[in-house]
Structure formats: C-alpha cells, structure tokens
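Dumped data-v2.cif below, it's mmCIF, C-alpha atoms:
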data_final
#
loop_
_atom_site.label_atom_id
_atom_site.label_comp_id
_atom_site.auth_asym_id
_atom_site.auth_seq_id
_atom_site.Cartn_x
_atom_site.Cartn_y
_atom_site.Cartn_z
CA MET B 1 -45.24 19.31 -77.85
CA LEU B 2 -46.34 19.65 -74.23
CA VAL B 3 -48.67 17.11 -72.62
CA VAL B 4 -50.47 18.76 -69.70
CA MET B 5 -51.76 16.28 -67.14
CA GLN B 6 -54.86 16.76 -65.01
CA ALA B 7 -54.35 18.07 -61.49
CA HIS B 8 -55.38 14.71 -60.00
CA ALA B 9 -53.36 12.57 -62.45
CA THR B 10 -51.55 9.72 -60.71
CA GLU B 11 -47.87 8.83 -61.00
CA GLU B 12 -48.89 5.70 -62.90
CA GLN B 13 -50.78 7.78 -65.47
CA VAL B 14 -47.81 10.13 -65.91
CA ARG B 15 -45.50 7.15 -66.31
CA ALA B 16 -47.83 5.59 -68.90
CA VAL B 17 -47.81 8.80 -70.95
CA CYS B 18 -44.00 8.91 -70.83
CA GLN B 19 -43.80 5.29 -71.96
CA LYS B 20 -46.18 5.95 -74.84
CA ILE B 21 -44.13 8.95 -75.99
CA GLU B 22 -40.92 6.90 -75.84
CA SER B 23 -42.58 4.12 -77.83
CA PHE B 24 -42.89 6.65 -80.68
CA GLY B 25 -39.11 7.09 -80.60
CA TYR B 26 -39.25 10.47 -78.83
CA ARG B 27 -37.96 11.58 -75.41
CA ALA B 28 -40.33 12.36 -72.53
CA HIS B 29 -39.45 14.88 -69.81
CA ALA B 30 -41.89 14.91 -66.89
CA MET B 31 -41.80 18.06 -64.75
CA PRO B 32 -44.08 18.17 -61.68
CA GLY B 33 -45.52 21.60 -60.93
CA ALA B 34 -47.38 23.16 -58.03
CA GLN B 35 -50.77 22.50 -59.65
CA ARG B 36 -50.10 19.88 -62.30
CA THR B 37 -47.47 17.82 -64.10
CA ALA B 38 -46.39 18.59 -67.65
CA VAL B 39 -44.60 16.17 -69.96
CA CYS B 40 -42.47 17.73 -72.69
CA VAL B 41 -41.85 15.81 -75.90
CA THR B 42 -38.46 16.28 -77.56
CA GLY B 43 -36.55 14.47 -80.29
CA ASN B 44 -39.31 14.71 -82.86
CA LYS B 45 -38.27 15.85 -86.34
CA GLY B 46 -41.77 16.90 -87.31
CA GLU B 47 -45.28 17.06 -85.92
CA VAL B 48 -46.12 14.58 -83.16
CA GLU B 49 -49.04 12.22 -83.74
CA VAL B 50 -51.32 13.26 -80.89
CA GLY B 51 -54.38 11.08 -81.36
CA THR B 52 -53.50 8.33 -78.90
CA LEU B 53 -52.00 10.72 -76.35
CA GLU B 54 -55.13 12.86 -76.08
CA GLU B 55 -57.23 9.86 -75.10
CA MET B 56 -54.93 8.52 -72.38
CA PRO B 57 -56.14 8.61 -68.75
CA GLY B 58 -55.02 11.69 -66.82
CA VAL B 59 -54.27 13.84 -69.89
CA GLN B 60 -55.89 17.29 -69.84
CA GLU B 61 -54.59 18.90 -73.02
CA LEU B 62 -51.77 19.00 -75.57
CA ILE B 63 -50.00 22.26 -76.32
CA ARG B 64 -47.74 22.84 -79.31
CA VAL B 65 -44.63 24.78 -78.24
CA SER B 66 -43.47 27.13 -80.99
CA LYS B 67 -40.31 28.38 -79.26
CA PRO B 68 -37.05 26.64 -80.20
CA TYR B 69 -36.33 26.12 -76.49
CA LYS B 70 -38.90 23.79 -74.95
CA LEU B 71 -37.74 22.58 -71.53
CA VAL B 72 -36.38 26.02 -70.61
CA SER B 73 -39.67 27.75 -71.45
CA ARG B 74 -42.40 28.82 -69.05
CA ASP B 75 -44.80 27.05 -71.43
CA PHE B 76 -43.30 23.82 -70.11
CA LYS B 77 -43.15 24.89 -66.47
CA PRO B 78 -45.03 28.03 -65.39
CA GLU B 79 -43.68 27.86 -61.83
CA LYS B 80 -40.18 29.12 -61.16
CA THR B 81 -37.49 26.50 -60.66
CA VAL B 82 -35.77 26.53 -57.28
CA VAL B 83 -32.47 24.65 -57.19
CA THR B 84 -32.00 23.12 -53.75
CA PHE B 85 -29.25 21.14 -52.05
CA PRO B 86 -30.21 18.20 -49.79
CA GLY B 87 -29.18 18.65 -46.19
CA SER B 88 -28.58 22.37 -46.62
CA SER B 89 -30.53 25.62 -46.46
CA ALA B 90 -28.69 26.87 -49.57
CA SER B 91 -30.83 27.33 -52.67
CA CYS B 92 -31.15 29.41 -55.82
CA GLY B 93 -34.40 30.70 -57.25
CA GLY B 94 -36.44 31.02 -54.06
CA SER B 95 -37.02 34.05 -51.86
CA ALA B 96 -33.48 33.93 -50.45
CA LEU B 97 -30.74 35.41 -52.61
CA ALA B 98 -27.99 32.95 -53.52
CA ILE B 99 -24.67 34.61 -52.70
CA MET B 100 -21.63 32.95 -54.31
CA ALA B 101 -18.25 34.43 -53.47
CA GLY B 102 -14.57 33.59 -53.45
CA PRO B 103 -11.35 34.05 -55.44
CA CYS B 104 -11.11 33.78 -59.20
CA ALA B 105 -8.62 30.92 -58.88
CA ILE B 106 -7.58 28.60 -56.09
CA GLU B 107 -3.89 29.39 -55.61
CA ASN B 108 -3.08 27.51 -52.41
CA ARG B 109 -4.73 26.26 -49.23
CA GLU B 110 -3.94 29.37 -47.18
CA GLN B 111 -5.45 31.71 -49.78
CA ALA B 112 -8.59 29.58 -50.18
CA PHE B 113 -9.22 29.28 -46.44
CA ALA B 114 -8.64 32.99 -45.81
CA SER B 115 -11.08 33.96 -48.56
CA ALA B 116 -13.63 31.35 -47.47
CA GLU B 117 -13.54 32.55 -43.87
CA CYS B 118 -14.31 36.06 -45.06
CA VAL B 119 -17.22 35.21 -47.36
CA ALA B 120 -18.77 32.75 -44.89
CA ARG B 121 -18.66 35.34 -42.11
CA ALA B 122 -20.33 37.90 -44.37
CA GLY B 123 -23.23 35.54 -45.16
CA ALA B 124 -22.40 33.78 -48.44
CA GLN B 125 -23.73 30.23 -48.84
CA PHE B 126 -21.54 29.26 -51.81
CA PHE B 127 -17.77 29.36 -52.30
CA ARG B 128 -16.69 30.02 -55.86
CA GLY B 129 -13.16 29.35 -57.06
CA GLY B 130 -11.43 28.05 -60.13
CA ALA B 131 -9.42 24.84 -60.13
CA TYR B 132 -9.27 24.96 -63.92
CA LYS B 133 -8.82 28.38 -65.52
CA PRO B 134 -9.29 28.93 -69.27
CA ARG B 135 -7.03 31.96 -69.84
CA THR B 136 -6.54 34.14 -72.90
CA SER B 137 -2.77 33.69 -72.65
CA PRO B 138 -1.26 30.19 -72.53
CA TYR B 139 1.39 31.59 -70.18
CA SER B 140 -1.08 32.75 -67.52
CA PHE B 141 -1.87 30.74 -64.38
CA GLN B 142 -4.10 27.84 -65.45
CA GLY B 143 -5.21 26.63 -62.01
CA LEU B 144 -4.19 23.78 -59.72
CA GLY B 145 -6.47 21.14 -61.24
CA GLU B 146 -7.49 18.31 -58.93
CA GLU B 147 -5.37 19.73 -56.10
CA GLY B 148 -7.54 22.85 -56.22
CA LEU B 149 -10.69 20.73 -56.08
CA LYS B 150 -9.36 18.94 -53.00
CA ILE B 151 -8.71 22.28 -51.29
CA MET B 152 -12.28 23.38 -52.02
CA ALA B 153 -13.59 20.13 -50.59
CA GLU B 154 -11.73 21.01 -47.38
CA VAL B 155 -13.33 24.45 -47.47
CA ARG B 156 -16.79 22.86 -47.65
CA GLU B 157 -15.96 20.61 -44.70
CA LYS B 158 -14.67 23.50 -42.60
CA PHE B 159 -17.18 26.25 -43.40
CA GLY B 160 -20.27 24.42 -44.70
CA LEU B 161 -20.17 26.35 -47.98
CA LYS B 162 -21.41 24.76 -51.21
CA ILE B 163 -18.69 24.65 -53.88
CA VAL B 164 -19.09 26.26 -57.32
CA THR B 165 -16.26 25.65 -59.80
CA GLU B 166 -15.76 25.51 -63.54
CA ALA B 167 -15.31 22.51 -65.83
CA ILE B 168 -13.49 23.42 -69.03
CA ASP B 169 -13.80 20.13 -70.92
CA ASN B 170 -15.28 16.65 -70.62
CA GLU B 171 -12.25 15.32 -68.75
CA SER B 172 -12.26 18.03 -66.08
CA LEU B 173 -16.03 17.73 -65.72
CA GLU B 174 -15.63 14.20 -64.42
CA LEU B 175 -13.53 15.47 -61.51
CA VAL B 176 -15.61 18.62 -60.95
CA GLU B 177 -18.74 16.49 -60.68
CA GLU B 178 -17.00 14.36 -58.06
CA TYR B 179 -15.83 17.25 -55.85
CA ALA B 180 -18.16 20.22 -56.45
CA ASP B 181 -21.77 20.99 -55.59
CA VAL B 182 -22.37 23.15 -58.68
CA ILE B 183 -20.71 22.63 -62.07
CA GLN B 184 -19.94 25.92 -63.78
CA ILE B 185 -19.87 26.19 -67.57
CA GLY B 186 -17.95 29.36 -68.44
CA ALA B 187 -18.73 32.00 -71.05
CA ARG B 188 -16.17 30.61 -73.50
CA ASN B 189 -17.90 27.21 -73.37
CA MET B 190 -21.51 28.35 -73.57
CA GLN B 191 -21.78 26.83 -77.06
CA ASN B 192 -19.46 23.89 -76.47
CA PHE B 193 -22.31 21.52 -77.21
CA SER B 194 -20.53 18.28 -76.33
CA LEU B 195 -19.64 19.75 -72.93
CA LEU B 196 -23.22 20.97 -72.43
CA LYS B 197 -24.54 17.49 -73.19
CA ARG B 198 -22.08 15.94 -70.74
CA ALA B 199 -23.16 18.43 -68.07
CA GLY B 200 -26.74 17.42 -68.83
CA ARG B 201 -25.89 13.86 -67.84
CA ALA B 202 -24.30 14.96 -64.56
CA ARG B 203 -26.10 14.65 -61.24
CA LYS B 204 -25.08 18.08 -59.99
CA PRO B 205 -26.69 21.48 -60.69
CA VAL B 206 -25.14 23.45 -63.55
CA LEU B 207 -24.32 27.17 -63.49
CA LEU B 208 -24.33 28.29 -67.13
CA LYS B 209 -22.67 31.60 -67.95
CA ARG B 210 -23.81 33.67 -70.92
CA GLY B 211 -21.32 33.87 -73.78
CA MET B 212 -19.69 37.24 -74.27
CA SER B 213 -21.49 37.78 -77.59
CA ALA B 214 -24.55 35.58 -77.08
CA THR B 215 -28.11 36.67 -77.76
CA LEU B 216 -30.88 35.84 -75.31
CA GLU B 217 -32.15 33.02 -77.52
CA GLU B 218 -28.67 31.53 -77.87
CA PHE B 219 -28.29 31.70 -74.08
CA LEU B 220 -31.56 29.86 -73.50
CA MET B 221 -30.79 27.31 -76.21
CA ALA B 222 -27.51 26.49 -74.46
CA ALA B 223 -29.52 25.77 -71.30
CA GLU B 224 -31.85 23.64 -73.43
CA TYR B 225 -28.87 21.45 -74.39
CA VAL B 226 -28.22 20.71 -70.72
CA MET B 227 -31.85 20.07 -69.86
CA SER B 228 -32.48 17.91 -72.93
CA GLU B 229 -30.06 15.36 -71.46
CA GLY B 230 -32.10 15.10 -68.24
CA ASN B 231 -30.47 17.62 -65.87
CA TYR B 232 -33.19 20.13 -64.94
CA ASN B 233 -31.18 21.90 -62.21
CA VAL B 234 -29.78 24.74 -64.30
CA ILE B 235 -28.85 28.21 -63.03
CA LEU B 236 -28.27 30.92 -65.63
CA CYS B 237 -25.62 33.60 -65.11
CA GLU B 238 -25.30 37.03 -66.74
CA ARG B 239 -21.61 38.00 -66.75
CA GLY B 240 -21.46 40.85 -69.24
CA VAL B 241 -21.23 41.00 -73.01
CA ARG B 242 -18.61 42.50 -75.29
CA THR B 243 -19.44 45.96 -76.70
CA PHE B 244 -17.56 49.01 -77.94
CA ALA B 245 -17.40 50.45 -74.40
CA ASP B 246 -13.88 50.79 -73.02
CA HIS B 247 -14.60 51.99 -69.48
CA THR B 248 -15.34 48.44 -68.32
CA ARG B 249 -14.02 44.99 -69.16
CA ASN B 250 -17.48 43.98 -70.41
CA THR B 251 -20.92 45.61 -70.48
CA LEU B 252 -23.12 44.10 -67.78
CA ASP B 253 -26.52 43.56 -69.40
CA LEU B 254 -28.95 43.74 -66.49
CA SER B 255 -31.89 44.03 -68.89
CA VAL B 256 -31.46 40.31 -69.62
CA VAL B 257 -32.61 39.43 -66.07
CA PRO B 258 -36.30 40.39 -66.49
CA ALA B 259 -36.16 39.17 -70.09
CA VAL B 260 -35.05 35.70 -68.96
CA GLN B 261 -37.62 35.65 -66.17
CA ARG B 262 -40.42 36.42 -68.60
CA LEU B 263 -39.49 33.58 -70.95
CA SER B 264 -37.97 30.95 -68.66
CA HIS B 265 -38.58 29.32 -65.29
CA LEU B 266 -34.84 28.95 -64.61
CA PRO B 267 -33.16 31.11 -61.93
CA ILE B 268 -30.62 33.69 -63.05
CA VAL B 269 -27.73 35.17 -61.07
CA VAL B 270 -25.42 38.06 -61.98
CA ASP B 271 -21.62 38.23 -62.01
CA PRO B 272 -20.68 41.91 -61.54
CA SER B 273 -16.98 41.04 -61.22
CA HIS B 274 -16.50 39.75 -64.77
CA GLY B 275 -19.28 42.05 -65.91
CA THR B 276 -17.23 45.15 -65.10
CA GLY B 277 -13.67 43.98 -64.53
CA LYS B 278 -13.08 46.80 -62.07
CA ARG B 279 -13.27 46.55 -58.31
CA ASN B 280 -14.92 49.94 -57.75
CA LYS B 281 -17.87 48.98 -59.96
CA VAL B 282 -18.68 45.62 -58.39
CA THR B 283 -20.68 46.87 -55.39
CA PRO B 284 -22.81 49.40 -57.35
CA LEU B 285 -23.67 46.77 -59.97
CA SER B 286 -24.43 44.24 -57.23
CA ARG B 287 -26.97 46.65 -55.78
CA ALA B 288 -28.50 47.13 -59.23
CA SER B 289 -28.60 43.37 -59.86
CA VAL B 290 -30.63 42.75 -56.71
CA ALA B 291 -32.93 45.67 -57.50
CA VAL B 292 -33.63 44.37 -61.02
CA GLY B 293 -34.70 40.98 -59.65
CA ALA B 294 -31.68 38.69 -59.96
CA ASP B 295 -31.84 35.46 -57.96
CA GLY B 296 -28.31 35.86 -56.66
CA LEU B 297 -24.78 37.18 -57.12
CA ILE B 298 -21.46 35.55 -57.91
CA VAL B 299 -18.67 37.84 -56.73
CA GLU B 300 -14.89 37.53 -56.72
CA VAL B 301 -13.32 38.08 -53.28
CA HIS B 302 -9.65 37.65 -52.43
CA HIS B 303 -7.98 38.14 -49.06
CA SER B 304 -5.11 39.95 -50.85
CA PRO B 305 -6.18 41.00 -54.37
CA ASP B 306 -2.92 42.79 -55.11
CA GLN B 307 -1.13 39.42 -54.97
CA ALA B 308 -3.83 37.46 -56.84
CA LEU B 309 -2.64 35.26 -59.70
CA SER B 310 -5.88 35.85 -61.63
CA ASP B 311 -8.26 38.83 -61.94
CA GLY B 312 -6.98 40.74 -58.93
CA MET B 313 -8.23 44.05 -60.37
CA GLN B 314 -11.86 42.94 -60.12
CA SER B 315 -11.63 41.06 -56.80
CA LEU B 316 -13.00 42.69 -53.65
CA TYR B 317 -11.09 43.00 -50.40
CA PRO B 318 -12.82 41.20 -47.50
CA GLU B 319 -14.03 44.47 -45.93
CA GLN B 320 -15.46 45.57 -49.29
CA PHE B 321 -17.43 42.33 -49.60
CA GLU B 322 -18.80 42.80 -46.10
CA GLU B 323 -19.97 46.29 -47.08
CA LEU B 324 -21.52 44.91 -50.27
CA MET B 325 -23.48 42.38 -48.23
CA ALA B 326 -24.64 45.07 -45.81
CA GLN B 327 -25.99 47.14 -48.70
CA VAL B 328 -27.62 44.15 -50.39
CA ARG B 329 -29.42 43.35 -47.12
CA GLN B 330 -31.01 46.78 -47.22
CA ILE B 331 -32.19 46.46 -50.82
CA ALA B 332 -33.37 42.84 -50.79
CA PRO B 333 -36.57 43.35 -48.72
CA VAL B 334 -37.76 46.03 -51.16
CA VAL B 335 -37.98 43.39 -53.90
CA GLY B 336 -39.29 40.64 -51.62
CA ARG B 337 -35.99 38.90 -51.02
CA THR B 338 -33.99 37.80 -48.00
CA VAL B 339 -30.24 37.51 -47.40
CA ALA B 340 -28.49 35.24 -44.94
CA ALA B 341 -27.30 37.04 -41.81
CA ALA B 342 -23.63 37.72 -41.22
CA GLU B 343 -21.96 35.33 -38.80
CA THR B 344 -19.53 35.86 -35.97
CA ARG B 345 -16.55 33.59 -36.40
CA GLU B 346 -13.12 33.42 -34.88
CA PRO B 347 -10.34 33.90 -37.47
CA VAL B 348 -9.18 30.59 -38.94
CA ALA B 349 -5.56 29.67 -38.35
CA VAL B 350 -4.11 28.01 -41.44
CA SER B 351 -0.76 26.28 -41.41
CA LYS B 352 1.42 26.90 -44.45
#

Please lay out the structure from this file as structure tokens.
Amino acid sequence: MLVVMQAHATEEQVRAVCQKIESFGYRAHAMPGAQRTAVCVTGNKGEVEVGTLEEMPGVQELIRVSKPYKLVSRDFKPEKTVVTFPGSSASCGGSALAIMAGPCAIENREQAFASAECVARAGAQFFRGGAYKPRTSPYSFQGLGEEGLKIMAEVREKFGLKIVTEAIDNESLELVEEYADVIQIGARNMQNFSLLKRAGRARKPVLLKRGMSATLEEFLMAAEYVMSEGNYNVILCERGVRTFADHTRNTLDLSVVPAVQRLSHLPIVVDPSHGTGKRNKVTPLSRASVAVGADGLIVEVHHSPDQALSDGMQSLYPEQFEELMAQVRQIAPVVGRTVAAAETREPVAVSK
C-alpha cells in the first residue's frame, strides 16, 4: 500500500500518517519527492484497512502496489534516487557519472597509493578495493582485513576519494561501516538475507551487486531487503551473469540497465571488469555501459596487474584507464551525462 500525500502536506501531517500506520502494527517508510511525499506501508500480511487513512489531513490517495518489491519500485518514488555524500561533489544517480576504480584487493600501502594516484588523476571520484575477499579457493589471497580498511582510509585522506569496499558477513560489515563510504554487497551474497538486513540498518550507502544467476526480480527483491530496514541509499550493480559462453568470464547483461530504470528509481552502475574477466574487453564494455544509460562504472585498475594477487587478468594498467576515461568523456554528453575532468597531479612518493 502506498499513501500519496498532497503537494502542500506538512511534515506534521506526514508524521501523523506514519504514526497511524505504525499503530496498526505495520512499518511506514516516508519518501519525500520533488512534487509530493509518499508513505509506503510494509509488514502487512494481508490487505491494509484504509478507511481511517483516507480521511486523514494531507492524504491525497491510496494506491495498492501489486509488485512484490514496494520501496524499490517507481510506484513508490517516481523520481530517480540520487545518492549523495555530504561535504563532497561525489554522487550516483544524477547527471554526473559515478566512476569507481581501483584494485581488486588491497595488497599493501604502496600498491593502494599507486593505484589511487592513477584513478584520481584520471577523474574517478571513488576508490574501490577489497579488504575482505570471498575467493573460490580457500588457498587464494583473502585480503588484509582491517589493515586494508585502514590503508583505504589513508587513501581517502590523501586523494579525497570516497571508499567502496565489500563486507562479506555481519562481522566484517561492522568494520566496513566504520571505515568506508559505500558498503558493497558482492554477487555471492546477493541473497544472504541476514547480511542484507544488517546493511539496511547501516548508515552508509550500499552498493548491491547482482548475483551471477539472479533474475531481475530477484535482484530488485534483494534491494528491497536493504530498503525495508530503513536504508534508502542503495546503488545497484550489474556485474555479469553466468551463461554457456566461454569467451568471457561472465556475460555482461547490459539489457538489465534500462529494465531496472523502467521499474525502479534506484541508480545502477556497471562492472565491466567482473562482467568480462578480460582486460581487453573492459574499455569496449565501459563505452557500451555509458551509452546504454548506466549511472556509473566500477572498474578494476592496478598499477602492476601482472603482479596482482587477485584478478590481474581483468585489471587495467593506469594508461589504459586514462584512455577509458577519455573515451567515456566523449560518449557521456551524447546521453546527457557529464564526467569529472582529469587532474594534474605530481606523482605520489610512497615509502615502503
């Protein structure tokens, strides 16, 4: 059920409607829009008794939402969500493309700073890197844990980049929430419902990656889990799905971008690195992602991919990322987007 408030409804009237809904034993989610505020009702097992709600001051109409995802739906919020960061020009979902770049895993301070210097100079606003790495093999590099988070915090201090990093369980999420600016939920955890609920109680935006075999509805329902706990700053991420194709690591499903944008108000970015698994395909698929309307890119960049401890084959060299950004800057205006300008920086000296 969606309670649509009148355009001139006051904050007191919205609050009164929320209190009435909660008195029924349901949950109320108020979402201000450009023209009006909508209040979504969740937690009901059956039909909501609407009689008293319809007569409350400030209420315009009640709409029954038939989709299984409520808060994620454009029925709840017609305007697109823009995730912003206080005190920063970085955002995701607005006219500016959100560019997230960095190594797959944080290996040491020198590697992180070298990669960060490269992506910041090229125009990225976000530094991505894994402190915790869920790997297929238990013998592969699993990340530095909290030490990696501390290194990324230093990167933010030095370069002004917002930090995006993955939480793999409830315990690691506590630390990621403390250090990072964006909490990433990886593809393997897209349906880890207890983790999604915990992320929904966090005070940081959540980047939710699509599961490697997930349908569009399953993807949106995972986002619904996060939002149902009160965290409305969710960024979706297409990172490729598993098919019979063997020429790429995964099949990057760019058709999901306009499909998501038709059904949901949430921003969606594309990960062409995991989506292809091959360095020579990352730039072409980045161009296609921008052209199809994605709200941003999350790209793996390593200052020395041949020595990378994780996913070196899909990580760009610094000069390749700079070329990617140059090409994206040419395409972005065609679809009404902007990209941050490249910066001139002196190389950063990092002591070992």

- Message: What would the selection look like, as a PyMOL selection string, if the PyMOL selection byres ((chain B and resi 239-246) around 10) were run on the coordinates I just shared?
- Response: chain B and resi 186-187+209-215+236-238+247-254+269-277+298

Original post:
Quick one: which residues end up in the PyMOL selection byres ((chain B and resi 97-113) around 7) for this structure, as a PyMOL selection string?
Top reply: chain B and resi 91-92+95-96+114-117+119+124-131+143-144+148+151+155+295-303+310-311+337-339+350+352

Residues from last step as file, C-alpha atoms, as a PDB file, keeping the file's coordinate frame:
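Once everything was written out, this is result19.pdb:
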ATOM      1  CA  SER B  91     -30.830  27.330 -52.670  1.00  0.00           C
ATOM      2  CA  CYS B  92     -31.150  29.410 -55.820  1.00  0.00           C
ATOM      3  CA  SER B  95     -37.020  34.050 -51.860  1.00  0.00           C
ATOM      4  CA  ALA B  96     -33.480  33.930 -50.450  1.00  0.00           C
ATOM      5  CA  ALA B 114      -8.640  32.990 -45.810  1.00  0.00           C
ATOM      6  CA  SER B 115     -11.080  33.960 -48.560  1.00  0.00           C
ATOM      7  CA  ALA B 116     -13.630  31.350 -47.470  1.00  0.00           C
ATOM      8  CA  GLU B 117     -13.540  32.550 -43.870  1.00  0.00           C
ATOM      9  CA  VAL B 119     -17.220  35.210 -47.360  1.00  0.00           C
ATOM     10  CA  ALA B 124     -22.400  33.780 -48.440  1.00  0.00           C
ATOM     11  CA  GLN B 125     -23.730  30.230 -48.840  1.00  0.00           C
ATOM     12  CA  PHE B 126     -21.540  29.260 -51.810  1.00  0.00           C
ATOM     13  CA  PHE B 127     -17.770  29.360 -52.300  1.00  0.00           C
ATOM     14  CA  ARG B 128     -16.690  30.020 -55.860  1.00  0.00           C
ATOM     15  CA  GLY B 129     -13.160  29.350 -57.060  1.00  0.00           C
ATOM     16  CA  GLY B 130     -11.430  28.050 -60.130  1.00  0.00           C
ATOM     17  CA  ALA B 131      -9.420  24.840 -60.130  1.00  0.00           C
ATOM     18  CA  GLY B 143      -5.210  26.630 -62.010  1.00  0.00           C
ATOM     19  CA  LEU B 144      -4.190  23.780 -59.720  1.00  0.00           C
ATOM     20  CA  GLY B 148      -7.540  22.850 -56.220  1.00  0.00           C
ATOM     21  CA  ILE B 151      -8.710  22.280 -51.290  1.00  0.00           C
ATOM     22  CA  VAL B 155     -13.330  24.450 -47.470  1.00  0.00           C
ATOM     23  CA  ASP B 295     -31.840  35.460 -57.960  1.00  0.00           C
ATOM     24  CA  GLY B 296     -28.310  35.860 -56.660  1.00  0.00           C
ATOM     25  CA  LEU B 297     -24.780  37.180 -57.120  1.00  0.00           C
ATOM     26  CA  ILE B 298     -21.460  35.550 -57.910  1.00  0.00           C
ATOM     27  CA  VAL B 299     -18.670  37.840 -56.730  1.00  0.00           C
ATOM     28  CA  GLU B 300     -14.890  37.530 -56.720  1.00  0.00           C
ATOM     29  CA  VAL B 301     -13.320  38.080 -53.280  1.00  0.00           C
ATOM     30  CA  HIS B 302      -9.650  37.650 -52.430  1.00  0.00           C
ATOM     31  CA  HIS B 303      -7.980  38.140 -49.060  1.00  0.00           C
ATOM     32  CA  SER B 310      -5.880  35.850 -61.630  1.00  0.00           C
ATOM     33  CA  ASP B 311      -8.260  38.830 -61.940  1.00  0.00           C
ATOM     34  CA  ARG B 337     -35.990  38.900 -51.020  1.00  0.00           C
ATOM     35  CA  THR B 338     -33.990  37.800 -48.000  1.00  0.00           C
ATOM     36  CA  VAL B 339     -30.240  37.510 -47.400  1.00  0.00           C
ATOM     37  CA  VAL B 350      -4.110  28.010 -41.440  1.00  0.00           C
ATOM     38  CA  LYS B 352       1.420  26.900 -44.450  1.00  0.00           C
TER      39      LYS B 352
END

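Of the listed residues B:Val334, B:Ile168, B:Ala288, B:Leu2, the one whose atoms come nearest to Lys67 in chain B is B:Leu2, with distances taken using all atoms listed in the file.
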
Using the chain letters and residue numbers of this document, give as number ranges by chain the residues selected by the PyMOL selection byres ((chain B and resi 37) around 12). B: 2-11, 13-15, 17-18, 29-36, 38-40, 58-61, 76-79

Atomic distance CA of Arg201 in chain B - CA of Val82 in chain B, expressed in Å with one decimal: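 About the pair CA of Arg201 in chain B and CA of Val82 in chain B: they are 19.2 Å apart.
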
Dig up all the protein and nucleic acid residues within 9 Å of (-11.2, 44.7, -53.8) in the file frame, using only C-alpha atoms, and format them as a PyMOL selection string. chain B and resi 278-280+282+300-306+312-321

Around range 181-187 of chain B, with edges along x, y and z and 8 Å added on all six sides, what centre and edge lengths do you get, in Å to one decimal, as JSON?
{"center_x": -20.2, "center_y": 26.5, "center_z": -63.3, "size_x": 20.4, "size_y": 27.0, "size_z": 31.5}

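Take CA of Glu322 in chain B and CA of Gln261 in chain B: the distance between them is 28.4 Å.
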
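Of the residues under consideration (B:Asn192, B:Thr283, B:Ser88, B:Thr52), B:Thr283 shows the shortest atom-to-atom contact distance to Glu323 in chain B when counting all atoms listed in the file.
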
query = In Å, with one decimal, what is the gap from CA of Asn231 in chain B to CA of Ala167 in chain B?
reply =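 If I compute the distance from CA of Asn231 in chain B to CA of Ala167 in chain B, I get 15.9 Å.
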
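Residues in contact with Glu146 in chain B at up to 9 Å, not including ones fewer than 5 positions away on its chain and judged by all atoms listed in the file, are Ala131, Tyr132, Ile151, Ser172, Leu175, Val176 and Tyr179 of chain B.
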
Around (-31.6, 25.5, -75.5) in the file's frame, which residues reach within 12 Å when counting all atoms listed in the file? Return as a count of residues only? 35
